[in-house]
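Colleague: Quick one: structure below, then a few questions.
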Amino acid sequence: MTTTQLKDPPISKRLAKNIKRNFLERVIEIILMFAALGATFITLGIVYILVTEASGFFKEVSTIEFLTSRQWSPLFEDAHYGILPLISGTLTTSFIALTIAIPIGTVAAIYLSEFASHKTRETVKPVLELLVGVPTVVFGYFALLFVTPLLQKLNPDLPTFNMLGAGIVMGVMIIPYIASVAEDAMRAVPMNMREGSYAMGATKFQTAIRVVTPAATSGIIAAYILGISRAVGETMVVAIAAGQQPTFTFNPLEGAATITAYIVQVAMGDLPHGSLGYQSIFAAGMVLFVITFVFNILGHMARKRFAERY
C-alpha cells in the first residue's frame, strides 16, 4: 500500500461549511444558556438579599404586628412597624392606574390589531410606545404640577399630595405596556379564524370581540399582569405626587405613602447599615416581592387555563 493511499480523503467545501455552521450554532446555544442562567441567578441573588436582610428585621419585630398594625413609623423614636398603611397606599394607586390602563389599553390593542390600516398602525404604535421611554420622574412632576391642579379645580379640597392624581398618571404610563403586548397577542391569532367568522356573516366588530379577543385571552392576561406588576412597583410617580405620609386609607382623595415611596425615602437618608430602620426597607421590599409574585402566579395559572392551541 502506497503512502498516497494512507492519506485521509480531503473534506469537501460543503461539509466543512456545515461543520463550521454547527460549531457556531453550538457556541450560540451555550451563550444563550449562560444568559438564561444569569437571569435566574440574579433573581435568586435578589431573593437571597431580601430574605437575609429581612430576617434581621423580624428578629426584632413581631410578624403579627408587622402584618396587622395600622401604624408605620419605623424612623421615629416611638417606632411602629405595621405595614398595612403602605399596602393600602400601594393597592389604591395601583387600582386607580389599572382602572384607567386596562380598558384604554385593551381598546387601543383591538383598534390597532383589527381596525387600523397598516400605515396607521405603523405610525400610532411607535408613538404609543414612546411613552415607555419617558422617565418616570417626569410623569411624577406631570402629576404634581399639571394633573393635580386640574383635579383641584373640580374639588378645591383636594390636597396637593393625593393618590388620585398619581394613580391617573400611572394609568397613562402603563397604557403602552398593555396595548403593545395585547396587540401582539391579537395579531398572532391565525387569519383563518377571522376569515371563518366573516364567512359565517359576522361583522368586523363581532369578529374582533367574539373571535379574536377570546382567542388571544392568554396573551391579553399576560399584558394585564405586566401592567399590574408595573403599577405595584412604580416608584417616582407615587413618591412625588402621592405623598410620603404613611396613612391607612383607601380614599384616593387623600395622600398616602406606598411601599416603593418608603424605600426611596429611607434609601436617600443617612441610616447606618444594619440598623432596624435600615432593615425595614428590606422587609417592605419582601412584601412587595410577595405581592408581585402572587400576581404573576395567578397570571400564569390564568394563561394556562385560557391558552389556545392553533
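In the C-alpha cells, the first chain shown is A, the next is B, and so on; residue numbers restart at 1 for each chain, and ligands run from 1 in the order shown.
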Neighbours of region 175-179 of chain A within 7 Å (only C-alpha atoms; same-chain residues fewer than 3 positions away dropped), as a tab-separated table (two decimals) with N, CA and C atoms, in the first residue's frame?

Modeller:
```
chain	number	residue	atom	x	y	z
A	101	ALA	N	-55.80	52.09	32.79
A	101	ALA	CA	-54.92	51.48	31.79
A	101	ALA	C	-55.53	50.26	31.12
A	102	ILE	N	-56.23	49.42	31.87
A	102	ILE	CA	-56.74	48.18	31.29
A	102	ILE	C	-57.81	48.45	30.23
A	104	ILE	N	-58.50	51.28	28.45
A	104	ILE	CA	-57.95	52.04	27.33
A	104	ILE	C	-56.92	51.21	26.57
A	105	GLY	N	-56.07	50.50	27.29
A	105	GLY	CA	-55.07	49.67	26.63
A	105	GLY	C	-55.68	48.56	25.81
A	106	THR	N	-56.75	47.95	26.32
A	106	THR	CA	-57.42	46.87	25.58
A	106	THR	C	-58.10	47.41	24.33
A	108	ALA	N	-57.31	50.11	22.70
A	108	ALA	CA	-56.25	50.50	21.77
A	108	ALA	C	-55.68	49.28	21.05
A	109	ALA	N	-55.52	48.18	21.77
A	109	ALA	CA	-55.00	46.96	21.16
A	109	ALA	C	-55.96	46.42	20.11
A	128	LEU	N	-47.08	55.46	20.51
A	128	LEU	CA	-47.60	55.00	21.79
A	128	LEU	C	-46.49	54.41	22.66
A	129	GLU	N	-45.61	53.66	22.05
A	129	GLU	CA	-44.53	53.03	22.80
A	129	GLU	C	-43.45	54.03	23.23
A	131	LEU	N	-44.00	56.50	24.98
A	131	LEU	CA	-44.32	56.84	26.37
A	131	LEU	C	-43.51	55.99	27.35
A	132	VAL	N	-43.15	54.77	26.92
A	132	VAL	CA	-42.37	53.89	27.79
A	132	VAL	C	-41.00	54.49	28.07
A	171	GLY	N	-51.71	55.28	35.37
A	171	GLY	CA	-52.51	54.59	34.37
A	171	GLY	C	-52.12	54.98	32.96
A	172	VAL	N	-51.90	56.27	32.73
A	172	VAL	CA	-51.46	56.73	31.41
A	172	VAL	C	-50.10	56.13	31.07
A	182	ALA	N	-50.93	43.22	24.32
A	182	ALA	CA	-52.23	42.69	23.92
A	182	ALA	C	-52.38	42.72	22.40
A	183	GLU	N	-51.89	43.77	21.76
A	183	GLU	CA	-51.98	43.86	20.30
A	183	GLU	C	-51.15	42.77	19.63
A	223	ALA	N	-50.60	40.64	29.34
A	223	ALA	CA	-50.46	42.09	29.30
A	223	ALA	C	-50.99	42.73	30.58
A	224	TYR	N	-52.10	42.22	31.08
A	224	TYR	CA	-52.66	42.74	32.33
A	224	TYR	C	-51.71	42.51	33.50
A	227	GLY	N	-48.99	44.91	33.40
A	227	GLY	CA	-49.45	46.21	33.87
A	227	GLY	C	-49.59	46.26	35.38
```

Colleague: I'd like the contact shell of region 277-282 of chain A - 12 Å cut-off, only C-alpha atoms, skipping same-chain residues fewer than 5 positions apart - returned as number ranges by chain.

Modeller: A: 46-61, 66, 72-77, 79-83, 86, 258-272, 287-289

Colleague: Among region 64-287 of chain A, which ones does DSSP assign to alpha helix (DSSP H) (computed from the backbone)? Answer as a ChimeraX atom specification.

Modeller: /A:64-68,84-110,118-130,136-142,148-154,163-187,191-199,204-207,213-215,217-232,236-241,259-267,276-287

Colleague: To one decimal place in Å, what is the distance between CA of Ala302 (chain A) and CA of Ile221 (chain A)?

Modeller: 7.2 Å

Colleague: Would you compute the distance between CA of Leu98 (chain A) and CA of Gly167 (chain A)? Give it in Å to one decimal.

Modeller: 8.4 Å

Colleague: Could you tell me how far CA of Gly133 (chain A) sits from CA of Ala36 (chain A), in Å to one decimal place?

Modeller: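 These atoms are spaced 25.1 Å apart.
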